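Coordinates from model-v3.txt are shown below (compact mmCIF, C-alpha atoms).
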# COMPACT_ATOMS: atom_id res chain seq x y z
CA MET A 3 4.29 -14.51 2.05
CA ASP A 4 4.56 -17.71 4.04
CA PRO A 5 7.32 -19.88 2.42
CA ALA A 6 5.08 -22.93 2.68
CA TRP A 7 2.41 -21.17 0.64
CA GLY A 8 5.01 -20.12 -1.90
CA ASN A 9 6.06 -23.76 -2.33
CA GLU A 10 2.46 -24.91 -2.67
CA VAL A 11 1.78 -22.35 -5.37
CA GLN A 12 5.03 -23.24 -7.12
CA GLU A 13 4.14 -26.94 -7.19
CA ALA A 14 0.70 -26.26 -8.68
CA LYS A 15 1.59 -23.74 -11.37
CA GLU A 16 0.03 -25.45 -14.38
CA PRO A 17 -2.76 -27.86 -13.39
CA SER A 18 -4.16 -30.07 -16.11
CA PRO A 19 -7.22 -28.61 -17.89
CA SER A 20 -8.76 -32.08 -17.69
CA ASN A 21 -8.65 -31.96 -13.90
CA PRO A 22 -11.04 -29.20 -12.75
CA LEU A 23 -10.67 -30.19 -9.09
CA GLY A 24 -6.90 -29.88 -9.42
CA GLU A 25 -7.31 -26.46 -11.01
CA ALA A 26 -9.52 -25.33 -8.15
CA ILE A 27 -7.00 -26.59 -5.56
CA ALA A 28 -4.25 -24.73 -7.42
CA ALA A 29 -6.38 -21.58 -7.42
CA LEU A 30 -6.87 -21.93 -3.68
CA GLY A 31 -3.12 -22.35 -3.36
CA ASP A 32 -2.75 -18.99 -5.07
CA ASN A 33 -5.50 -17.61 -2.85
CA GLU A 34 -3.59 -18.66 0.27
CA ALA A 35 -0.56 -16.87 -1.12
CA ILE A 36 -2.58 -13.77 -1.96
CA CYS A 37 -4.78 -13.47 1.09
CA PRO A 38 -2.17 -12.32 3.65
CA GLU A 39 -1.55 -9.36 1.35
CA MET A 40 -5.22 -8.43 1.50
CA LEU A 41 -5.64 -8.18 5.26
CA VAL A 42 -4.27 -5.42 7.44
CA ALA A 43 -3.48 -7.70 10.35
CA GLY A 44 -1.57 -10.09 8.08
CA ASN A 45 -3.24 -13.12 9.66
CA CYS A 46 -2.43 -16.54 8.30
CA GLY A 47 -4.38 -19.75 7.83
CA LEU A 48 -7.62 -20.18 9.73
CA GLN A 49 -7.29 -16.75 11.35
CA ASN A 50 -7.67 -15.18 7.90
CA PRO A 51 -11.25 -14.77 6.60
CA PHE A 52 -9.95 -15.29 3.04
CA TYR A 53 -8.69 -18.77 3.89
CA VAL A 54 -10.52 -21.76 2.39
CA PRO A 55 -9.28 -25.25 3.41
CA SER A 56 -8.33 -27.43 0.44
CA LEU A 57 -10.67 -30.15 1.72
CA ALA A 58 -13.58 -27.78 1.14
CA VAL A 59 -12.89 -27.47 -2.59
CA ALA A 60 -15.21 -30.32 -3.52
CA ASN A 61 -18.11 -28.44 -1.92
CA VAL A 62 -17.39 -25.09 -3.57
CA HIS A 63 -20.06 -24.01 -6.05
CA PRO A 64 -18.75 -24.73 -9.59
CA ALA A 65 -19.17 -21.08 -10.58
CA VAL A 66 -17.13 -19.93 -7.56
CA ALA A 67 -14.41 -22.45 -8.44
CA GLU A 68 -14.20 -20.95 -11.93
CA MET A 69 -14.05 -17.45 -10.44
CA LEU A 70 -11.18 -18.45 -8.14
CA LYS A 71 -9.27 -19.75 -11.13
CA SER A 72 -9.79 -16.54 -13.10
CA SER A 73 -8.78 -14.46 -10.07
CA ALA A 74 -5.59 -16.45 -9.56
CA LEU A 75 -4.72 -16.06 -13.24
CA ALA A 76 -5.31 -12.30 -13.13
CA HIS A 77 -3.05 -12.12 -10.10
CA ARG A 78 -0.27 -13.98 -11.95
CA ILE A 79 -0.59 -11.75 -15.02
CA LEU A 80 -0.27 -8.51 -13.06
CA GLN A 81 2.57 -9.79 -10.90
CA GLY A 82 4.40 -11.24 -13.90
CA ALA A 83 5.61 -8.14 -15.68
CA GLU A 84 8.88 -9.96 -16.37
CA ARG A 85 7.07 -12.78 -18.19
CA PRO A 86 7.26 -12.83 -22.00
CA SER A 87 4.18 -11.28 -23.58
CA SER A 88 3.34 -14.64 -25.17
CA ASP A 89 3.12 -16.24 -21.71
CA ARG A 90 0.86 -13.47 -20.46
CA ALA A 91 -1.34 -13.88 -23.53
CA VAL A 92 -1.77 -17.58 -22.72
CA LEU A 93 -2.72 -16.72 -19.13
CA ALA A 94 -5.17 -14.07 -20.36
CA THR A 95 -6.85 -16.62 -22.62
CA LYS A 96 -7.22 -19.02 -19.70
CA LEU A 97 -8.61 -16.22 -17.55
CA GLN A 98 -11.32 -15.43 -20.09
CA ARG A 99 -12.15 -19.14 -20.43
CA HIS A 100 -12.71 -19.55 -16.69
CA ARG A 101 -14.56 -16.23 -16.41
CA GLY A 102 -16.85 -17.25 -19.26
CA ALA A 103 -17.51 -20.60 -17.60
CA ALA A 104 -18.42 -18.83 -14.35
CA ILE A 105 -20.88 -16.53 -16.15
CA ARG A 106 -22.53 -19.47 -17.92
CA LEU A 107 -22.91 -21.40 -14.66
CA MET A 108 -24.43 -18.35 -12.95
CA ALA A 109 -26.81 -17.87 -15.88
CA GLN A 110 -28.02 -21.44 -15.43
CA ASP A 111 -28.75 -20.77 -11.77
CA LEU A 112 -30.48 -17.51 -12.64
CA ALA A 113 -32.81 -19.37 -14.99
CA ASN A 114 -33.72 -21.79 -12.21
CA ASP A 115 -36.35 -20.34 -9.87
CA ALA A 116 -35.18 -22.56 -7.00
CA SER A 117 -31.49 -21.71 -7.42
CA HIS A 118 -31.41 -17.97 -8.02
CA THR A 119 -32.86 -17.18 -4.59
CA SER A 120 -30.52 -19.52 -2.68
CA PHE A 121 -27.69 -18.48 -0.39
CA GLN A 122 -25.29 -20.33 -2.69
CA PHE A 123 -26.31 -18.12 -5.59
CA LEU A 124 -25.91 -15.03 -3.42
CA VAL A 125 -22.33 -16.13 -2.63
CA CYS A 126 -21.70 -16.60 -6.37
CA VAL A 127 -22.95 -13.09 -7.10
CA LEU A 128 -20.83 -11.54 -4.35
CA VAL A 129 -17.64 -13.40 -5.28
CA PHE A 130 -18.10 -12.51 -8.95
CA LEU A 131 -18.73 -8.86 -8.07
CA LEU A 132 -15.63 -8.57 -5.88
CA ILE A 133 -13.34 -10.22 -8.43
CA GLU A 134 -14.71 -8.07 -11.26
CA ILE A 135 -14.06 -4.92 -9.24
CA GLN A 136 -10.63 -5.98 -8.01
CA GLN A 137 -9.47 -6.68 -11.54
CA SER A 138 -11.47 -3.82 -13.13
CA ILE A 139 -12.86 -6.23 -15.73
CA SER A 140 -16.31 -4.69 -16.04
CA SER A 141 -17.26 -1.02 -16.17
CA SER A 142 -20.81 -1.88 -15.04
CA TRP A 143 -19.84 -2.47 -11.42
CA ARG A 144 -22.34 0.07 -10.05
CA SER A 145 -25.32 -1.72 -11.56
CA HIS A 146 -23.88 -5.04 -10.36
CA VAL A 147 -23.64 -3.65 -6.80
CA ASP A 148 -27.23 -2.44 -6.98
CA ALA A 149 -28.33 -5.89 -8.18
CA ALA A 150 -26.40 -7.61 -5.38
CA LEU A 151 -28.03 -5.33 -2.81
CA VAL A 152 -31.47 -6.20 -4.21
CA ILE A 153 -30.69 -9.89 -3.69
CA ILE A 154 -29.47 -9.13 -0.16
CA ASP A 155 -32.73 -7.31 0.54
CA ARG A 156 -34.68 -10.35 -0.64
CA HIS A 157 -32.87 -12.35 2.04
CA GLY A 158 -33.98 -9.88 4.71
CA GLY A 159 -31.31 -7.21 4.36
CA LEU A 160 -27.80 -6.74 5.72
CA GLY A 161 -28.86 -6.82 9.37
CA ARG A 162 -30.73 -10.11 9.09
CA LEU A 163 -27.94 -11.79 7.12
CA LEU A 164 -25.39 -10.70 9.71
CA ALA A 165 -27.51 -12.24 12.45
CA THR A 166 -28.42 -15.48 10.69
CA CYS A 167 -25.58 -16.26 8.25
CA GLU A 168 -22.20 -15.53 9.82
CA PRO A 169 -20.15 -17.07 6.94
CA LEU A 170 -21.40 -14.27 4.69
CA THR A 171 -20.08 -11.51 6.97
CA HIS A 172 -16.80 -11.00 5.13
CA PHE A 173 -18.55 -10.74 1.76
CA LEU A 174 -21.03 -8.25 3.21
CA ARG A 175 -18.21 -6.09 4.57
CA TYR A 176 -16.70 -5.72 1.13
CA VAL A 177 -19.98 -5.07 -0.65
CA THR A 178 -20.68 -2.33 1.90
CA ILE A 179 -17.23 -0.78 1.48
CA ILE A 180 -17.65 -0.79 -2.30
CA ASP A 181 -21.10 0.79 -2.03
CA ILE A 182 -19.88 3.53 0.32
CA LEU A 183 -16.45 4.43 -1.10
CA GLY A 184 -17.53 3.77 -4.68
CA ALA A 185 -20.04 6.60 -4.32
CA THR A 186 -17.19 9.06 -3.69
CA THR A 187 -15.55 8.57 -7.10
CA THR A 188 -18.63 8.47 -9.28
CA PRO A 189 -21.15 10.94 -10.60
CA CYS A 190 -23.57 11.83 -7.81
CA LEU A 191 -25.75 8.97 -6.56
CA GLU A 192 -29.43 8.90 -7.29
CA PHE A 193 -31.29 9.99 -4.17
CA VAL A 194 -32.81 6.52 -3.68
CA GLN A 195 -29.33 4.99 -3.66
CA ALA A 196 -28.07 7.57 -1.18
CA CYS A 197 -31.04 6.96 1.13
CA ARG A 198 -30.39 3.23 0.96
CA GLN A 199 -26.91 3.82 2.36
CA LEU A 200 -28.40 5.50 5.43
CA LYS A 201 -29.86 2.13 6.43
CA ILE A 202 -26.31 0.84 6.93
CA LEU A 203 -25.55 3.29 9.76
CA PRO A 204 -27.21 1.33 12.62
CA ILE A 205 -25.25 -1.85 11.83
CA LEU A 206 -21.83 -0.40 10.92
CA SER A 207 -20.16 -1.37 14.19
CA THR A 208 -21.66 -4.87 14.08
CA LEU A 209 -20.57 -5.36 10.49
CA PHE A 210 -17.00 -4.07 10.77
CA GLY A 211 -16.08 -4.62 14.41
CA ASP A 212 -12.58 -3.22 14.93
CA GLY A 213 -12.37 -2.25 11.25
CA LEU A 214 -9.24 -4.33 10.63
CA GLN A 215 -10.75 -7.35 8.90
CA THR A 216 -10.57 -5.96 5.36
CA CYS A 217 -8.04 -4.26 3.11
CA VAL A 218 -9.74 -0.91 3.83
CA PRO A 219 -8.80 -0.21 7.47
CA CYS A 220 -10.95 2.89 7.75
CA PRO A 221 -12.56 3.37 11.18
CA PRO A 222 -16.27 2.46 10.93
CA GLU A 223 -17.15 5.83 12.46
CA LEU A 224 -15.48 7.60 9.52
CA LEU A 225 -17.23 5.30 7.04
CA GLY A 226 -20.46 6.45 8.65
CA HIS A 227 -19.50 10.06 7.96
CA VAL A 228 -18.85 9.17 4.30
CA ILE A 229 -22.39 7.78 4.11
CA LEU A 230 -23.77 11.07 5.45
CA VAL A 231 -21.69 13.12 3.00
CA ASN A 232 -22.85 10.90 0.11
CA HIS A 233 -26.44 11.49 1.20
CA LEU A 234 -26.05 15.26 1.56
CA ARG A 235 -24.25 15.47 -1.77
CA SER A 236 -27.18 13.68 -3.41
CA ARG A 237 -29.69 15.97 -1.66
CA MET A 238 -27.87 19.03 -2.98
CA GLN A 239 -27.63 17.62 -6.48
CA ASN A 240 -31.30 16.69 -6.55
CA THR A 241 -32.51 20.01 -5.10
CA VAL A 242 -34.02 22.20 -7.79
CA SER A 243 -33.36 25.65 -6.31
CA GLN A 244 -30.23 27.30 -4.94
CA ASP A 245 -32.19 28.24 -1.81
CA GLY A 246 -33.06 24.59 -1.27
CA SER A 247 -29.40 23.68 -1.53
CA VAL A 248 -28.51 26.25 1.11
CA LEU A 249 -30.96 24.56 3.48
CA VAL A 250 -28.69 21.50 3.39
CA LEU A 251 -25.67 23.52 4.54
CA PRO A 252 -26.29 23.31 8.32
CA ALA A 253 -26.25 19.51 8.08
CA ALA A 254 -23.15 19.72 5.88
CA TRP A 255 -21.36 21.85 8.50
CA THR A 256 -22.33 19.38 11.21
CA ALA A 257 -20.93 16.51 9.12
CA LEU A 258 -17.68 18.39 8.48
CA LYS A 259 -17.26 19.24 12.17
CA SER A 260 -17.83 15.61 13.16
CA ILE A 261 -15.17 14.41 10.74
CA CYS A 262 -12.66 17.00 11.96
CA GLU A 263 -13.35 16.11 15.59
CA PHE A 264 -12.58 12.41 15.08
CA SER A 265 -9.57 11.51 17.25
CA VAL A 266 -6.96 9.58 15.29
CA ASP A 267 -4.83 9.04 18.41
CA HIS A 268 -7.73 7.63 20.42
CA TRP A 269 -8.70 5.22 17.64
CA VAL A 270 -5.15 3.91 17.19
CA ASP A 271 -4.44 3.57 20.92
CA SER A 272 -7.78 2.14 22.03
CA VAL A 273 -8.70 -0.04 19.03
CA VAL A 274 -5.91 -0.68 16.54
CA LEU A 275 -2.92 -1.47 18.74
CA PRO A 276 -4.83 -3.73 21.18
CA SER A 277 -6.37 -5.59 18.23
CA LEU A 278 -3.01 -6.10 16.53
CA ALA A 279 -1.51 -7.36 19.78
CA LEU A 280 -4.36 -9.88 20.03
CA TYR A 281 -3.79 -11.04 16.45
CA ASP A 282 -0.10 -11.51 17.22
CA VAL A 283 -0.97 -13.71 20.20
CA HIS A 284 -2.99 -15.98 17.89
CA ARG A 285 -0.11 -16.25 15.44
CA ILE A 286 2.43 -17.40 18.04
CA ASP A 287 3.01 -21.12 18.49
CA LYS A 288 1.35 -22.21 21.72
CA ASN A 289 4.56 -24.00 22.73
CA ALA A 290 6.78 -21.02 22.05
CA ARG A 291 7.75 -18.87 25.01
CA ARG A 292 7.44 -15.52 23.32
CA SER A 293 5.43 -12.42 23.99
CA PRO A 294 3.32 -10.74 21.31
CA LYS A 295 5.23 -8.47 18.98
CA PHE A 296 5.61 -5.08 20.64
CA THR A 297 3.22 -2.75 18.83
CA VAL A 298 4.49 0.68 19.89
CA PRO A 299 6.80 0.99 16.82
CA GLN A 300 3.72 0.40 14.66
CA ARG A 301 1.92 3.35 16.20
CA ARG A 302 3.50 5.95 13.91
CA LEU A 303 2.40 4.11 10.76
CA TRP A 304 -1.10 3.51 12.04
CA LEU A 305 -1.47 7.14 13.05
CA ALA A 306 -0.41 8.07 9.52
CA LEU A 307 -2.82 5.61 7.88
CA THR A 308 -5.82 6.57 10.01
CA SER A 309 -5.01 10.24 9.47
CA CYS A 310 -4.95 9.55 5.71
CA PHE A 311 -8.53 8.33 5.83
CA LYS A 312 -9.63 11.25 8.01
CA SER A 313 -7.99 13.85 5.75
CA ALA A 314 -9.21 12.20 2.54
CA ILE A 315 -12.78 12.16 3.86
CA THR A 316 -12.46 15.81 4.91
CA VAL A 317 -11.23 16.78 1.43
CA TYR A 318 -14.11 14.83 -0.12
CA CYS A 319 -16.62 16.50 2.22
CA ILE A 320 -15.43 20.04 1.49
CA SER A 321 -15.07 19.41 -2.25
CA THR A 322 -18.59 18.03 -2.63
CA LEU A 323 -20.70 19.87 -0.06
CA PHE A 324 -19.04 23.29 -0.19
CA GLY A 325 -18.28 23.57 -3.88
CA ASP A 326 -20.28 24.63 -6.92
CA GLY A 327 -21.22 27.95 -5.32
CA TYR A 328 -23.06 26.55 -2.30
CA ALA A 329 -20.33 27.69 0.08
CA LEU A 330 -20.86 31.30 -0.97
CA HIS A 331 -23.69 31.33 1.55
CA TYR A 332 -21.79 29.92 4.52
CA ASP A 333 -21.22 33.39 5.97
CA GLU A 334 -24.98 33.63 6.52
CA LEU A 335 -24.86 30.78 9.06
CA ASP A 336 -24.90 31.44 12.79
CA GLU A 337 -21.26 32.16 13.66
CA THR A 338 -21.86 31.32 17.33
CA ILE A 339 -22.64 27.73 16.30
CA TYR A 340 -20.24 27.15 13.46
CA GLY A 341 -17.33 29.41 14.36
CA HIS A 342 -15.10 31.22 11.90
CA THR A 343 -14.34 28.34 9.57
CA ASP A 344 -11.83 29.02 6.81
CA LEU A 345 -12.92 26.42 4.26
CA PRO A 346 -10.14 26.96 1.71
CA GLY A 347 -7.58 26.88 4.51
CA ALA A 348 -9.05 23.74 6.05
CA LYS A 349 -9.13 22.02 2.69
CA LEU A 350 -5.51 22.93 1.90
CA PHE A 351 -4.40 21.79 5.36
CA HIS A 352 -5.98 18.37 4.93
CA GLN A 353 -4.64 18.01 1.38
CA GLU A 354 -1.12 18.66 2.65
CA THR A 355 -1.63 16.42 5.69
CA LEU A 356 -2.90 13.64 3.45
CA MET A 357 0.15 13.81 1.17
CA SER A 358 2.55 13.99 4.11
CA ASN A 359 1.06 10.90 5.76
CA LEU A 360 0.99 8.95 2.49
CA GLN A 361 4.70 9.67 2.12
CA THR A 362 5.33 8.57 5.71
CA ILE A 363 3.64 5.24 5.00
CA ALA A 364 5.49 4.75 1.71
CA SER A 365 8.85 5.43 3.37
CA ASP A 366 8.52 2.17 5.33
CA GLN A 367 8.78 -0.19 2.38
CA GLY A 368 8.20 -3.30 4.48
CA SER A 369 4.99 -2.00 5.99
CA GLN A 370 1.79 -3.97 5.49
CA VAL A 371 -0.32 -0.80 5.64
CA ARG A 372 1.35 0.61 2.52
CA LYS A 373 -0.76 -1.84 0.51
CA PHE A 374 -4.08 -0.35 1.63
CA THR A 375 -3.89 3.28 0.57
CA ILE A 376 -5.47 3.14 -2.90
CA TRP A 377 -8.52 5.23 -1.95
CA PRO A 378 -6.60 7.97 -0.05
CA LEU A 379 -4.02 8.07 -2.87
CA THR A 380 -6.78 8.58 -5.42
CA ILE A 381 -8.47 11.33 -3.42
CA ALA A 382 -5.10 13.06 -2.99
CA GLY A 383 -4.45 12.79 -6.72
CA LEU A 384 -7.82 14.24 -7.66
CA ARG A 385 -6.91 17.44 -5.81
CA THR A 386 -3.24 17.60 -6.83
CA GLN A 387 -2.35 20.58 -9.00
CA PRO A 388 -1.17 19.61 -12.51
CA GLY A 389 2.08 21.53 -11.98
CA ASP A 390 3.00 19.62 -8.82
CA GLU A 391 5.26 17.12 -10.55
CA ALA A 392 6.73 15.68 -7.34
CA SER A 393 3.32 14.80 -5.88
CA LYS A 394 2.08 13.39 -9.18
CA ARG A 395 5.18 11.22 -9.55
CA PHE A 396 4.86 9.95 -5.97
CA ILE A 397 1.18 9.03 -6.34
CA LEU A 398 1.69 7.23 -9.65
CA THR A 399 4.72 5.35 -8.31
CA GLU A 400 2.71 4.11 -5.34
CA LEU A 401 -0.20 3.01 -7.53
CA MET A 402 2.11 1.13 -9.92
CA TRP A 403 3.85 -0.56 -6.99
CA MET A 404 0.52 -1.52 -5.44
CA SER A 405 -0.78 -3.09 -8.63
CA GLU A 406 2.31 -5.25 -9.11
CA LYS A 407 2.63 -6.14 -5.44
CA LEU A 408 -1.02 -7.13 -4.97
CA GLY A 409 -1.70 -8.37 -8.48
CA THR A 410 -4.78 -6.17 -8.85
CA ALA A 411 -5.83 -3.89 -11.70
CA SER A 412 -7.76 -1.16 -9.88
CA PRO A 413 -4.60 0.88 -9.05
CA LEU A 414 -3.89 1.03 -12.80
CA ILE A 415 -7.39 2.39 -13.42
CA ALA A 416 -6.80 4.99 -10.69
CA ALA A 417 -3.56 6.04 -12.41
CA ASP A 418 -5.37 6.40 -15.75
CA LEU A 419 -8.11 8.53 -14.16
CA LEU A 420 -5.57 10.79 -12.44
CA ASN A 421 -3.49 11.27 -15.59
CA LYS A 422 -6.67 12.22 -17.46
CA THR A 423 -7.67 14.63 -14.67
CA TRP A 424 -4.24 16.28 -14.63
CA ARG A 425 -4.19 16.67 -18.42
CA GLU A 426 -7.56 18.41 -18.35
CA ALA A 427 -6.58 20.47 -15.30
CA SER A 428 -3.60 21.93 -17.13
CA ILE A 429 -5.95 24.15 -19.15
CA TRP A 430 -7.83 25.54 -16.13
CA PRO A 431 -7.05 28.99 -14.70
CA ASP A 432 -4.33 28.98 -12.04
CA GLY A 433 -5.55 27.67 -8.71
CA GLU A 434 -8.98 26.72 -10.03
CA GLN A 435 -10.23 23.19 -9.46
CA LYS A 436 -12.91 21.35 -11.38
CA ALA A 437 -16.16 20.65 -9.53
CA TRP A 438 -16.09 17.19 -7.97
CA ASP A 439 -19.13 15.91 -9.85
CA SER A 440 -17.46 16.86 -13.14
CA LEU A 441 -14.37 14.73 -12.51
CA PHE A 442 -15.97 11.41 -13.39
CA ASP A 443 -17.26 10.37 -16.80
CA LYS A 444 -18.49 7.08 -15.29
CA PRO A 445 -18.58 5.32 -11.91
CA TYR A 446 -15.17 4.36 -10.50
CA VAL A 447 -14.35 2.40 -7.36
CA PHE A 448 -10.96 2.23 -5.65
CA ALA A 449 -11.35 0.00 -2.63
CA LEU A 450 -9.83 -3.38 -3.59
Representation of the structure as structure tokens:
Amino acid sequence: MDPAWGNEVQEAKEPSPSNPLGEAIAALGDNEAICPEMLVAGNCGLQNPFYVPSLAVANVHPAVAEMLKSSALAHRILQGAERPSSDRAVLATKLQRHRGAAIRLMAQDLANDASHTSFQFLVCVLVFLLIEIQQSISSSWRSHVDAALVIIDRHGGLGRLLATCEPLTHFLRYVTIIDILGATTTPCLEFVQACRQLKILPILSTLFGDGLQTCVPCPPELLGHVILVNHLRSRMQNTVSQDGSVLVLPAAWTALKSICEFSVDHWVDSVVLPSLALYDVHRIDKNARRSPKFTVPQRRLWLALTSCFKSAITVYCISTLFGDGYALHYDELDETIYGHTDLPGAKLFHQETLMSNLQTIASDQGSQVRKFTIWPLTIAGLRTQPGDEASKRFILTELMWMSEKLGTASPLIAADLLNKTWREASIWPDGEQKAWDSLFDKPYVFAL
């Protein structure tokens, strides 16, 4: 954290309730303290897409101002484990007051035909959605995402908004990430929802660029593969006959091969390291005679992080597309095309690779990338055997650390889900794993 930001937050700890503008400025002070934690590149100030100048507060939609206040309070609560419970109760009451005010202001706009179709209202919806998911306040996030996407479609869709409303780009990135990765830890998507995701594929590179502008530094190419797996999973689930499901297998094999062929080294060397060097140039004082921070020592961590995403996606692909009996038919496929693939062996290899790389990242306690592994950690945990105490302890420790460090609640929800999964898994036959679609009693999302 920048010391100057720390001082600003410290000076604005308890703004007067009678001064809403002061409260909003204080919330933005907290936001400036939080936002470097939420970006892989660690950019500060104007280089950070989370940054909002204090002078802009007066023009912020009143509902968004209330949301910022509630978000800042949630952040303080989760980072303040050492606070007396009475202090945290006071903060929680304030959080609910500001959240309630935001909902009422949005309801007023929704009742106004002229307001509820405006770009300002769209921003309100997106900010509210992201904060609700980050703090795991509402269990109805999936329906909220669907509603947000309907509003986006009314404005011409993702592609049109990217071309005509650049300030919305960062919001659209996160909504897309939530839509894609949220589908991996939920009951199977309805086929219409899965088909909707396919429309994202042509604009993925435009939307995400180098992939480093969010707290989910997954290569856009791999996100595209997740979309395809989500779609194939939905096709299998919505196919009436076993024979119909087998017809999906050739496409599933193609998807799996494409994921496995993704080059982690090429991505890190050609995209990540040059981008980080460029960000470092922007952060250096123009009058200082220094070169950008040498990025070669970062390579090991970035290889580990990118490999985590690749392995987690591979595990998800095999678990969903080659489970539930469908894979019994893979030996009927043309061996000259698909080769002699050992699915159980491939799955085990990527599970072990995923855990190894997560441990590599965690071993560097000062690393920025350690903060962005919630989704790979969750996928690893969902396939960890209940008797593997060391792996379970490691995963839970990382999730607890992440929640306190970032001031977000979703890692705590991930820990609860994993503990529940491990308790239930303890009664399964040795070596048997529950079908992926049976792991989730409701939609979960672990991306923020």
Kindly assemble as a Markdown table a list of the region 176-198 of chain A residues that lie within 12 Å of region 438-449 of chain A, each paired with its nearest atom pair and their distance in Å to one decimal, using all atoms listed in the file, sorted first by chain and then by ascending residue number.
| residue | atom | partner | partner_atom | distance |
| --- | --- | --- | --- | --- |
| A:Tyr176 | CA | A:Ala449 | CA | 8.7 |
| A:Val177 | CA | A:Ala449 | CA | 10.2 |
| A:Thr178 | CA | A:Ala449 | CA | 10.6 |
| A:Ile179 | CA | A:Ala449 | CA | 7.2 |
| A:Ile180 | CA | A:Ala449 | CA | 6.4 |
| A:Asp181 | CA | A:Val447 | CA | 8.8 |
| A:Ile182 | CA | A:Val447 | CA | 9.5 |
| A:Leu183 | CA | A:Val447 | CA | 6.9 |
| A:Gly184 | CA | A:Val447 | CA | 4.4 |
| A:Ala185 | CA | A:Val447 | CA | 7.7 |
| A:Thr186 | CA | A:Val447 | CA | 8.1 |
| A:Thr187 | CA | A:Tyr446 | CA | 5.4 |
| A:Thr188 | CA | A:Pro445 | CA | 4.1 |
| A:Pro189 | CA | A:Asp439 | CA | 5.4 |
| A:Cys190 | CA | A:Asp439 | CA | 6.4 |
| A:Leu191 | CA | A:Pro445 | CA | 9.7 |
For this session: Within 12 Å of Gly159 (chain A), counting all atoms listed in the file, which residues show up once you throw out same-chain ones fewer than 3 positions away? Write them as a list in words, please.
Result: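 So the residues in contact are Ala150, Leu151, Val152, Ile153, Ile154, Asp155, Arg156, Arg162, Leu163, Leu164, Ala165, Thr166, Cys167, Leu174, Thr178, Arg198, Lys201, Ile202 and Ile205 of chain A.
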Find the spatial neighbours of region 66-69 of chain A, counting all atoms listed in the file, within a cut-off of 7 Å - ignore same-chain residues fewer than 3 positions away - and output them as a PDB file with C-alpha atoms, in the coordinates of the input.
ATOM      1  CA  ALA A  26      -9.520 -25.330  -8.150  1.00  0.00           C
ATOM      2  CA  VAL A  62     -17.390 -25.090  -3.570  1.00  0.00           C
ATOM      3  CA  HIS A  63     -20.060 -24.010  -6.050  1.00  0.00           C
ATOM      4  CA  SER A  72      -9.790 -16.540 -13.100  1.00  0.00           C
ATOM      5  CA  SER A  73      -8.780 -14.460 -10.070  1.00  0.00           C
ATOM      6  CA  HIS A 100     -12.710 -19.550 -16.690  1.00  0.00           C
ATOM      7  CA  ARG A 101     -14.560 -16.230 -16.410  1.00  0.00           C
ATOM      8  CA  ALA A 103     -17.510 -20.600 -17.600  1.00  0.00           C
ATOM      9  CA  ALA A 104     -18.420 -18.830 -14.350  1.00  0.00           C
ATOM     10  CA  CYS A 126     -21.700 -16.600  -6.370  1.00  0.00           C
ATOM     11  CA  VAL A 129     -17.640 -13.400  -5.280  1.00  0.00           C
ATOM     12  CA  PHE A 130     -18.100 -12.510  -8.950  1.00  0.00           C
TER      13      PHE A 130
END
Problem set entry | Between CA of Thr375 (chain A) and CA of Pro413 (chain A) - distance in Å to one decimal |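 Spanning CA of Pro413 (chain A) to CA of Thr375 (chain A) is a straight-line distance of 9.9 Å.
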Problem set entry | Pick from A:Leu97, A:Ala306, A:Leu450, A:Val127, whichever lies nearest to Ala65 (chain A) using only C-alpha atoms |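 That would be A:Val127, the residue with the smallest distance to Ala65 (chain A).
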For this session: Considering only C-alpha atoms, state which residue in the set A:Leu303, A:Leu225, A:Leu206, A:Leu420 is at the smallest distance from Pro388 (chain A).
Result: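 For Pro388 (chain A), the nearest of the given residues is A:Leu420.
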Exercise. Quick one: distance from CA of Gly347 (chain A) to CA of Ala364 (chain A) in Å, one decimal?
Worked result: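 Between CA of Gly347 (chain A) and CA of Ala364 (chain A) the gap works out to 25.9 Å.
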Problem set entry | Given only C-alpha atoms as the counted atoms, nearest of A:Asp366, A:Leu107, A:Ile381, A:Val317 to Leu350 (chain A) | A:Val317
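The smallest atom-to-atom distance between Leu80 (chain A) and any of A:Ala149, A:Ala94, A:Ala382, A:Ala411, using all atoms listed in the file, is found for A:Ala411.
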Exercise. What does the distance from CA of Leu209 (chain A) to CA of Leu384 (chain A) come to in Å, to one decimal?
Worked result: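 A separation of 29.6 Å between them.
When only C-alpha atoms are used to measure the gap to Trp424 (chain A), the shortest distance among A:Leu323, A:Val274, A:Leu398, A:Ile376 belongs to A:Leu398.
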Exercise. From the set A:Asp115, A:Ser120, A:Glu134, A:Leu419, which residue has the shortest atom-to-atom contact distance to Leu70 (chain A), counting only C-alpha atoms?
Worked result: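 Closest to Leu70 (chain A) of all the choices is A:Glu134.
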Exercise. Within 9 Å of (-10.9, 11.8, 0.9), in the coordinates the file gives, what residues turn up when you count all atoms listed in the file, written out as number ranges by chain?
Worked result: A: 186, 310-319, 353, 356, 377-382
Exercise. Which polymer residues, protein or nucleic acid, are no farther than 12 Å from (2.4, 13.8, 6.6), counting all atoms listed in the file, as number ranges by chain?
Worked result: A: 302-303, 305-310, 313, 351-365
